[in-house]
Amino acid sequence: MRKIVLSDEIKKMEAEIINNLGVPSLSLMERAASSVLDVILEKTNNARKMVILCGQGNNAGDGFALARMAIEYDFDVKIVFAGNMDKMSSECAVCFDICRKMGISITDDITSASYILKDADIIVDALFGIGLSRSVTGFYYDLIAIANDIKSSNSHRVTKFSVDIPSGLGSDSGKVLGIAFEADYTVTLGIEKAGLYLNDGPLYCGEVILKRIGITGDNYNNCYTLDESDIKAISPVSILANKSSKGKVLCITGSKDMPGASILSARAALRAGAGMVKIFTEESNRDLIIHEIPEAMVSTFNQDIDNDKLKEKLKENLKWCDCALIGCGLSTSDDAKKLVLNTLELCEKTLVIDADALNLIGLYDELFNRLIFRAENGFVTVLTPHPMEYSRVFKTDIKDKDNQDILSVMENAFKSGVNLAAKDARTIVSDGHKVYINTVTDNALATAGSGDVYAGIISALISNNDESLETVAIATLLHGLCGKKAASLHGSRSVNASDIIDALEDIFIENNL
């Protein structure tokens, strides 16, 4: 796991280092510039024509310092200055003045900038950094647009670098603010920024390279990204294990017209390591489920069953399990609503809520209030909404993409008292206090049934006697690894949900789990 930060946090960290520890701001700037130069030397061979785009803040100061250092390595360096001399930070002004005194070419003319950019082998973006909070306009916009239009060809190789974060990209949100620089490499400094991984971030950052420059966040942030090595957090199965100790999952899933989701989630739970899985479903699904998953137990109810009898049967099954999953293929009928309400009322185990159960909670306040009741009584609940389900449950506008906003996810997890896994290309997991972003994934997971598989994996890992937020995060990572593995075997376009389940076997074998 690697720490990530929001912009307010990194500003506090830098202020503490400068004000409390006495490390000069210019010293941090020098370290940053040296780190970026190291990456440029590593990633480019004979390229020597470097153009650095600079604004007026400390990110630009890094760029000016880089120009001075690059001269020592025989780079032909030119600078395009897009800022305002009167608004320069003091540190930036110092570095600018050094470059001017050294005779390094500096232009603030867009026509000249266009000419020298087209001739460059290396373009370095040091325009904005993490401080940007409004849309890019004017000279900055035009300059980024020209840089983005320059592409490598057989006769001319150009490599683009961003300092800390691509200019025009929201440091916290990863959203493009009007326009953003398209980097091949982003050299992020000190600690990784959330915007590198959320929303449009992965489209603009290229390869993200972290360079330490003396900034630490031990006292500030509680946000982390997951990487492939974190899969080792899953404990190997004990040699003394039996089917009960490996965990019992109850899947309250499926409806007359949607039995497939029930099958997928149950298969995933079994393959992810649950010792026993039982499916509680409408009776018309019984024969199909028995045929498709002979390893699972089945408990059914008639659609017209009296509610008191339904509650009695449900209560008996809930008593049996270690973790319950509800929602996959459930529908949003009145009968499904009744089943969700009864489950929220009766379940005293960890409860994973997915798919149609989330849609119903979004439709009826009485169901949402039951979530709060569960939290108040100390019961763990996991919600796994995709973007539309997130907007329904938490009453947000899907266009705002709040499910990819760390602060929104934290706030909604805290208010509802749940472990919230906001599914998207980069899933955010939070309980309102701690945050994990899964960056190990593949677009192969964008397929029908993938969410049902994900819910089954979470339920299995929880049933193995671990109901912590970290378990949900590791289940998210495992799902992502399965997507990558399935894509390597079948191609991203061809992967279906069953392929993701089958990939669990390979991941466990490869990691001795």
# chains A, B, ... in the order shown; residues from 1 in each chain; ligands from 1

$ closest_atom_pairs --of "segment 272-391 of chain A" --to "segment 441-450 of chain A" --cutoff "12 Å" --atoms "only C-alpha atoms" --output "tab-separated table"
residue	atom	partner	partner_atom	distance
A:Cys328	CA	A:Gly449	CA	9.0
A:Gly329	CA	A:Gly449	CA	9.6
A:Asp354	CA	A:Gly449	CA	11.7
A:Ala355	CA	A:Gly449	CA	10.3
A:Thr384	CA	A:Ser450	CA	11.9
A:His386	CA	A:Ser450	CA	10.9

$ write_last_selection --atoms "N, CA and C atoms" --output "short mmCIF file (atom, residue, chain, number, x, y, z; two decimals), in the first residue's frame"
data_model
loop_
_atom_site.label_atom_id
_atom_site.label_comp_id
_atom_site.auth_asym_id
_atom_site.auth_seq_id
_atom_site.Cartn_x
_atom_site.Cartn_y
_atom_site.Cartn_z
N CYS A 328 -28.04 -9.24 -5.66
CA CYS A 328 -27.69 -9.63 -7.03
C CYS A 328 -28.89 -10.26 -7.73
N GLY A 329 -29.38 -9.64 -8.80
CA GLY A 329 -30.50 -10.17 -9.56
C GLY A 329 -31.81 -10.22 -8.81
N ASP A 354 -25.68 -5.19 -2.54
CA ASP A 354 -25.28 -4.94 -3.93
C ASP A 354 -26.51 -4.78 -4.81
N ALA A 355 -26.30 -4.26 -5.99
CA ALA A 355 -27.24 -4.31 -7.11
C ALA A 355 -28.65 -3.82 -6.74
N THR A 384 -21.83 -1.76 -2.17
CA THR A 384 -20.97 -1.87 -3.35
C THR A 384 -21.63 -1.23 -4.58
N HIS A 386 -22.34 0.76 -8.07
CA HIS A 386 -21.72 1.32 -9.26
C HIS A 386 -22.19 2.78 -9.38
#

$ residues_around --residues "Leu196 of chain A" --least-positions-apart "2" --cutoff "10 Å" --atoms "only C-alpha atoms" --output "short mmCIF file (atom, residue, chain, number, x, y, z; two decimals) with N, CA and C atoms, in the first residue's frame"
data_model
loop_
_atom_site.label_atom_id
_atom_site.label_comp_id
_atom_site.auth_asym_id
_atom_site.auth_seq_id
_atom_site.Cartn_x
_atom_site.Cartn_y
_atom_site.Cartn_z
N ILE A 4 -1.41 8.24 -0.45
CA ILE A 4 -1.75 9.30 -1.39
C ILE A 4 -2.27 10.49 -0.58
N ASP A 164 5.03 16.68 -11.04
CA ASP A 164 4.08 16.45 -9.94
C ASP A 164 2.73 15.94 -10.40
N ILE A 165 2.04 16.70 -11.28
CA ILE A 165 0.76 16.27 -11.84
C ILE A 165 0.55 17.03 -13.14
N PRO A 166 -0.05 16.42 -14.16
CA PRO A 166 -0.25 17.14 -15.42
C PRO A 166 -1.04 18.43 -15.21
N LEU A 169 -5.11 19.20 -14.68
CA LEU A 169 -5.78 18.08 -14.04
C LEU A 169 -6.01 18.40 -12.57
N GLY A 170 -7.24 18.22 -12.10
CA GLY A 170 -7.53 18.49 -10.69
C GLY A 170 -6.73 17.57 -9.80
N SER A 171 -5.98 18.14 -8.86
CA SER A 171 -5.09 17.34 -8.02
C SER A 171 -5.85 16.35 -7.15
N ASP A 172 -7.05 16.73 -6.72
CA ASP A 172 -7.85 15.84 -5.86
C ASP A 172 -8.82 14.99 -6.66
N SER A 173 -9.38 15.57 -7.73
CA SER A 173 -10.46 14.90 -8.45
C SER A 173 -10.00 14.10 -9.66
N GLY A 174 -8.88 14.52 -10.26
CA GLY A 174 -8.47 13.89 -11.51
C GLY A 174 -9.31 14.33 -12.70
N LYS A 175 -10.14 15.35 -12.52
CA LYS A 175 -10.97 15.84 -13.61
C LYS A 175 -10.21 16.90 -14.41
N THR A 186 4.67 11.09 -15.57
CA THR A 186 4.43 12.10 -14.54
C THR A 186 5.33 11.79 -13.35
N THR A 188 5.80 12.47 -9.89
CA THR A 188 5.09 13.04 -8.75
C THR A 188 6.03 13.07 -7.55
N GLU A 192 2.18 10.50 -3.65
CA GLU A 192 1.29 10.49 -4.80
C GLU A 192 -0.01 11.26 -4.51
N LYS A 193 -0.54 11.89 -5.56
CA LYS A 193 -1.75 12.69 -5.44
C LYS A 193 -2.96 11.89 -5.93
N ALA A 194 -4.08 12.11 -5.29
CA ALA A 194 -5.29 11.33 -5.61
C ALA A 194 -5.69 11.50 -7.07
N LEU A 198 -7.79 9.07 -10.31
CA LEU A 198 -9.24 9.15 -10.39
C LEU A 198 -9.69 9.81 -11.70
N ASN A 199 -10.92 9.47 -12.11
CA ASN A 199 -11.54 10.08 -13.26
C ASN A 199 -10.61 10.08 -14.48
N ASP A 200 -10.25 11.28 -15.00
CA ASP A 200 -9.43 11.35 -16.22
C ASP A 200 -7.94 11.18 -15.95
N GLY A 201 -7.54 11.14 -14.69
CA GLY A 201 -6.13 11.08 -14.34
C GLY A 201 -5.32 10.05 -15.11
N PRO A 202 -5.76 8.79 -15.13
CA PRO A 202 -4.96 7.77 -15.83
C PRO A 202 -4.81 8.03 -17.33
N LEU A 203 -5.71 8.82 -17.92
CA LEU A 203 -5.63 9.11 -19.35
C LEU A 203 -4.56 10.15 -19.66
N TYR A 204 -4.18 10.95 -18.68
CA TYR A 204 -3.27 12.07 -18.91
C TYR A 204 -1.89 11.90 -18.27
N CYS A 205 -1.78 11.01 -17.30
CA CYS A 205 -0.54 10.93 -16.52
C CYS A 205 0.55 10.09 -17.17
N GLY A 206 0.16 9.18 -18.06
CA GLY A 206 1.16 8.24 -18.55
C GLY A 206 1.64 7.37 -17.41
N GLU A 207 2.92 7.05 -17.40
CA GLU A 207 3.49 6.28 -16.29
C GLU A 207 3.78 7.23 -15.12
N VAL A 208 3.26 6.87 -13.94
CA VAL A 208 3.49 7.69 -12.76
C VAL A 208 4.74 7.19 -12.03
#

$ atom_distance --atom1 "atom CA of Thr281 of chain A" --atom2 "atom CA of Asn465 of chain A"
24.8 Å

$ select_by_dssp --residues "segment 263-364 of chain A" --states "strand (DSSP E or B)" --output "list in words"
Met276, Val277, Lys278, Ile279, Phe280, Thr281, Glu282, Met297, Val298, Ser299, Thr300, Phe301, Cys323, Ala324, Leu325, Ile326, Thr350, Leu351, Val352 and Ile353 of chain A

$ select_by_dssp --residues "segment 341-471 of chain A" --states "helix (DSSP H, G or I)" --output "number ranges by chain"
A: 341-346, 355-363, 365-376, 387-394, 398-400, 402-404, 406-416, 443-445, 450-463, 469-471

$ closest_residue --among "A:Ala70, A:Ala375, A:Leu481, A:Val409" --to "Ile40 of chain A" --atoms "only C-alpha atoms"
A:Ala70

$ decode --residues "segment 116-257 of chain A" --atoms "C-alpha atoms" --output "PDB file, in the first residue's frame"
ATOM      1  CA  ILE A 116      10.285  25.670 -30.554  1.00  0.00           C
ATOM      2  CA  LEU A 117       7.803  23.046 -29.293  1.00  0.00           C
ATOM      3  CA  LYS A 118       7.582  21.481 -32.748  1.00  0.00           C
ATOM      4  CA  ASP A 119      11.370  21.144 -32.774  1.00  0.00           C
ATOM      5  CA  ALA A 120      11.629  19.653 -29.263  1.00  0.00           C
ATOM      6  CA  ASP A 121      12.601  16.099 -28.353  1.00  0.00           C
ATOM      7  CA  ILE A 122      11.556  16.575 -24.726  1.00  0.00           C
ATOM      8  CA  ILE A 123       8.662  18.700 -23.430  1.00  0.00           C
ATOM      9  CA  VAL A 124       8.397  19.305 -19.701  1.00  0.00           C
ATOM     10  CA  ASP A 125       5.169  20.613 -18.182  1.00  0.00           C
ATOM     11  CA  ALA A 126       5.779  22.778 -15.086  1.00  0.00           C
ATOM     12  CA  LEU A 127       2.810  25.121 -15.442  1.00  0.00           C
ATOM     13  CA  PHE A 128       0.467  24.586 -12.502  1.00  0.00           C
ATOM     14  CA  GLY A 129       1.124  21.709 -10.102  1.00  0.00           C
ATOM     15  CA  ILE A 130      -1.432  20.940  -7.368  1.00  0.00           C
ATOM     16  CA  GLY A 131      -2.739  24.465  -6.829  1.00  0.00           C
ATOM     17  CA  LEU A 132      -5.101  24.693  -9.802  1.00  0.00           C
ATOM     18  CA  SER A 133      -8.779  25.125  -8.863  1.00  0.00           C
ATOM     19  CA  ARG A 134     -10.351  26.724 -11.955  1.00  0.00           C
ATOM     20  CA  SER A 135     -10.526  26.087 -15.690  1.00  0.00           C
ATOM     21  CA  VAL A 136      -7.441  26.712 -17.796  1.00  0.00           C
ATOM     22  CA  THR A 137      -7.822  29.675 -20.172  1.00  0.00           C
ATOM     23  CA  GLY A 138      -5.824  32.120 -22.285  1.00  0.00           C
ATOM     24  CA  PHE A 139      -2.127  31.623 -22.979  1.00  0.00           C
ATOM     25  CA  TYR A 140      -2.013  28.559 -20.736  1.00  0.00           C
ATOM     26  CA  TYR A 141      -4.819  26.871 -22.681  1.00  0.00           C
ATOM     27  CA  ASP A 142      -3.241  27.632 -26.044  1.00  0.00           C
ATOM     28  CA  LEU A 143       0.169  26.437 -24.883  1.00  0.00           C
ATOM     29  CA  ILE A 144      -1.149  23.109 -23.560  1.00  0.00           C
ATOM     30  CA  ALA A 145      -3.176  22.607 -26.757  1.00  0.00           C
ATOM     31  CA  ILE A 146      -0.067  23.125 -28.923  1.00  0.00           C
ATOM     32  CA  ALA A 147       1.964  20.736 -26.762  1.00  0.00           C
ATOM     33  CA  ASN A 148      -0.757  18.079 -26.889  1.00  0.00           C
ATOM     34  CA  ASP A 149      -0.932  18.288 -30.688  1.00  0.00           C
ATOM     35  CA  ILE A 150       2.735  17.380 -31.019  1.00  0.00           C
ATOM     36  CA  LYS A 151       2.997  13.626 -31.504  1.00  0.00           C
ATOM     37  CA  SER A 152       5.902  11.282 -32.034  1.00  0.00           C
ATOM     38  CA  SER A 153       6.485  10.038 -35.534  1.00  0.00           C
ATOM     39  CA  ASN A 154       8.953   7.697 -37.216  1.00  0.00           C
ATOM     40  CA  SER A 155      11.238  10.642 -37.935  1.00  0.00           C
ATOM     41  CA  HIS A 156      10.732  12.606 -34.720  1.00  0.00           C
ATOM     42  CA  ARG A 157      10.457  11.119 -31.245  1.00  0.00           C
ATOM     43  CA  VAL A 158       9.113  13.454 -28.568  1.00  0.00           C
ATOM     44  CA  THR A 159       8.717  12.500 -24.894  1.00  0.00           C
ATOM     45  CA  LYS A 160       6.517  14.513 -22.554  1.00  0.00           C
ATOM     46  CA  PHE A 161       6.967  14.857 -18.803  1.00  0.00           C
ATOM     47  CA  SER A 162       4.788  16.489 -16.158  1.00  0.00           C
ATOM     48  CA  VAL A 163       6.182  17.765 -12.868  1.00  0.00           C
ATOM     49  CA  ASP A 164       4.083  16.448  -9.940  1.00  0.00           C
ATOM     50  CA  ILE A 165       0.760  16.272 -11.835  1.00  0.00           C
ATOM     51  CA  PRO A 166      -0.249  17.137 -15.419  1.00  0.00           C
ATOM     52  CA  SER A 167      -1.235  20.792 -15.622  1.00  0.00           C
ATOM     53  CA  GLY A 168      -4.983  21.226 -15.996  1.00  0.00           C
ATOM     54  CA  LEU A 169      -5.776  18.076 -14.044  1.00  0.00           C
ATOM     55  CA  GLY A 170      -7.533  18.490 -10.693  1.00  0.00           C
ATOM     56  CA  SER A 171      -5.089  17.335  -8.024  1.00  0.00           C
ATOM     57  CA  ASP A 172      -7.846  15.845  -5.864  1.00  0.00           C
ATOM     58  CA  SER A 173     -10.463  14.903  -8.455  1.00  0.00           C
ATOM     59  CA  GLY A 174      -8.467  13.892 -11.506  1.00  0.00           C
ATOM     60  CA  LYS A 175     -10.974  15.844 -13.610  1.00  0.00           C
ATOM     61  CA  VAL A 176      -9.812  17.928 -16.571  1.00  0.00           C
ATOM     62  CA  LEU A 177     -10.240  21.640 -15.869  1.00  0.00           C
ATOM     63  CA  GLY A 178     -10.781  22.894 -19.405  1.00  0.00           C
ATOM     64  CA  ILE A 179      -7.696  21.231 -20.874  1.00  0.00           C
ATOM     65  CA  ALA A 180      -4.863  19.121 -19.450  1.00  0.00           C
ATOM     66  CA  PHE A 181      -1.327  18.308 -20.530  1.00  0.00           C
ATOM     67  CA  GLU A 182      -0.962  14.787 -21.950  1.00  0.00           C
ATOM     68  CA  ALA A 183       2.164  13.312 -20.364  1.00  0.00           C
ATOM     69  CA  ASP A 184       4.106  10.173 -21.168  1.00  0.00           C
ATOM     70  CA  TYR A 185       5.564  10.293 -17.662  1.00  0.00           C
ATOM     71  CA  THR A 186       4.426  12.103 -14.540  1.00  0.00           C
ATOM     72  CA  VAL A 187       7.118  12.574 -11.912  1.00  0.00           C
ATOM     73  CA  THR A 188       5.091  13.041  -8.753  1.00  0.00           C
ATOM     74  CA  LEU A 189       6.999  14.450  -5.811  1.00  0.00           C
ATOM     75  CA  GLY A 190       7.016  13.345  -2.178  1.00  0.00           C
ATOM     76  CA  ILE A 191       3.687  11.522  -2.055  1.00  0.00           C
ATOM     77  CA  GLU A 192       1.287  10.492  -4.798  1.00  0.00           C
ATOM     78  CA  LYS A 193      -1.749  12.689  -5.442  1.00  0.00           C
ATOM     79  CA  ALA A 194      -5.286  11.334  -5.612  1.00  0.00           C
ATOM     80  CA  GLY A 195      -5.978  12.977  -8.976  1.00  0.00           C
ATOM     81  CA  LEU A 196      -3.350  10.832 -10.649  1.00  0.00           C
ATOM     82  CA  TYR A 197      -5.672   7.846 -10.326  1.00  0.00           C
ATOM     83  CA  LEU A 198      -9.239   9.154 -10.392  1.00  0.00           C
ATOM     84  CA  ASN A 199     -11.542  10.084 -13.265  1.00  0.00           C
ATOM     85  CA  ASP A 200      -9.434  11.352 -16.216  1.00  0.00           C
ATOM     86  CA  GLY A 201      -6.129  11.084 -14.335  1.00  0.00           C
ATOM     87  CA  PRO A 202      -4.965   7.771 -15.831  1.00  0.00           C
ATOM     88  CA  LEU A 203      -5.633   9.113 -19.345  1.00  0.00           C
ATOM     89  CA  TYR A 204      -3.269  12.071 -18.911  1.00  0.00           C
ATOM     90  CA  CYS A 205      -0.537  10.927 -16.522  1.00  0.00           C
ATOM     91  CA  GLY A 206       1.156   8.238 -18.547  1.00  0.00           C
ATOM     92  CA  GLU A 207       3.493   6.284 -16.286  1.00  0.00           C
ATOM     93  CA  VAL A 208       3.494   7.690 -12.756  1.00  0.00           C
ATOM     94  CA  ILE A 209       6.929   7.760 -11.113  1.00  0.00           C
ATOM     95  CA  LEU A 210       7.167   8.672  -7.432  1.00  0.00           C
ATOM     96  CA  LYS A 211      10.276  10.534  -6.290  1.00  0.00           C
ATOM     97  CA  ARG A 212      10.982  11.183  -2.613  1.00  0.00           C
ATOM     98  CA  ILE A 213      12.135  14.719  -1.817  1.00  0.00           C
ATOM     99  CA  GLY A 214      11.821  14.752   1.972  1.00  0.00           C
ATOM    100  CA  ILE A 215       8.050  15.202   2.329  1.00  0.00           C
ATOM    101  CA  THR A 216       6.320  12.700   4.617  1.00  0.00           C
ATOM    102  CA  GLY A 217       2.649  12.410   5.516  1.00  0.00           C
ATOM    103  CA  ASP A 218       2.723  10.320   8.652  1.00  0.00           C
ATOM    104  CA  ASN A 219       0.724  12.831  10.682  1.00  0.00           C
ATOM    105  CA  TYR A 220      -1.803  13.840   8.089  1.00  0.00           C
ATOM    106  CA  ASN A 221      -3.421  11.479   5.676  1.00  0.00           C
ATOM    107  CA  ASN A 222      -5.217   8.173   5.919  1.00  0.00           C
ATOM    108  CA  CYS A 223      -5.502   7.468   2.192  1.00  0.00           C
ATOM    109  CA  TYR A 224      -3.782   4.648   0.341  1.00  0.00           C
ATOM    110  CA  THR A 225      -3.521   3.081  -3.073  1.00  0.00           C
ATOM    111  CA  LEU A 226      -3.343  -0.679  -3.446  1.00  0.00           C
ATOM    112  CA  ASP A 227      -0.741  -2.479  -5.513  1.00  0.00           C
ATOM    113  CA  GLU A 228      -0.283  -6.101  -6.540  1.00  0.00           C
ATOM    114  CA  SER A 229       1.931  -7.005  -3.580  1.00  0.00           C
ATOM    115  CA  ASP A 230      -0.937  -6.226  -1.184  1.00  0.00           C
ATOM    116  CA  ILE A 231      -2.633  -9.465  -2.185  1.00  0.00           C
ATOM    117  CA  LYS A 232      -0.331 -11.104   0.376  1.00  0.00           C
ATOM    118  CA  ALA A 233      -2.626  -9.629   3.039  1.00  0.00           C
ATOM    119  CA  ILE A 234      -4.920 -12.604   2.405  1.00  0.00           C
ATOM    120  CA  SER A 235      -3.972 -15.254   4.935  1.00  0.00           C
ATOM    121  CA  PRO A 236      -3.249 -18.758   3.618  1.00  0.00           C
ATOM    122  CA  VAL A 237      -5.802 -21.368   4.614  1.00  0.00           C
ATOM    123  CA  SER A 238      -4.880 -23.160   7.823  1.00  0.00           C
ATOM    124  CA  ILE A 239      -3.886 -26.788   7.531  1.00  0.00           C
ATOM    125  CA  LEU A 240      -6.488 -27.437  10.243  1.00  0.00           C
ATOM    126  CA  ALA A 241      -9.315 -25.721   8.375  1.00  0.00           C
ATOM    127  CA  ASN A 242     -12.692 -27.298   7.766  1.00  0.00           C
ATOM    128  CA  LYS A 243     -15.612 -26.136   5.651  1.00  0.00           C
ATOM    129  CA  SER A 244     -17.221 -24.292   8.548  1.00  0.00           C
ATOM    130  CA  SER A 245     -14.068 -22.498   9.675  1.00  0.00           C
ATOM    131  CA  LYS A 246     -13.439 -21.301   6.108  1.00  0.00           C
ATOM    132  CA  GLY A 247     -16.672 -19.330   6.317  1.00  0.00           C
ATOM    133  CA  LYS A 248     -20.355 -19.647   5.460  1.00  0.00           C
ATOM    134  CA  VAL A 249     -21.935 -17.204   3.008  1.00  0.00           C
ATOM    135  CA  LEU A 250     -25.669 -16.755   2.541  1.00  0.00           C
ATOM    136  CA  CYS A 251     -26.610 -15.274  -0.840  1.00  0.00           C
ATOM    137  CA  ILE A 252     -30.065 -13.664  -0.770  1.00  0.00           C
ATOM    138  CA  THR A 253     -30.122 -13.261  -4.499  1.00  0.00           C
ATOM    139  CA  GLY A 254     -31.898 -13.942  -7.756  1.00  0.00           C
ATOM    140  CA  SER A 255     -35.454 -13.585  -8.977  1.00  0.00           C
ATOM    141  CA  LYS A 256     -37.654 -15.435 -11.424  1.00  0.00           C
ATOM    142  CA  ASP A 257     -36.313 -13.496 -14.407  1.00  0.00           C
TER     143      ASP A 257
END
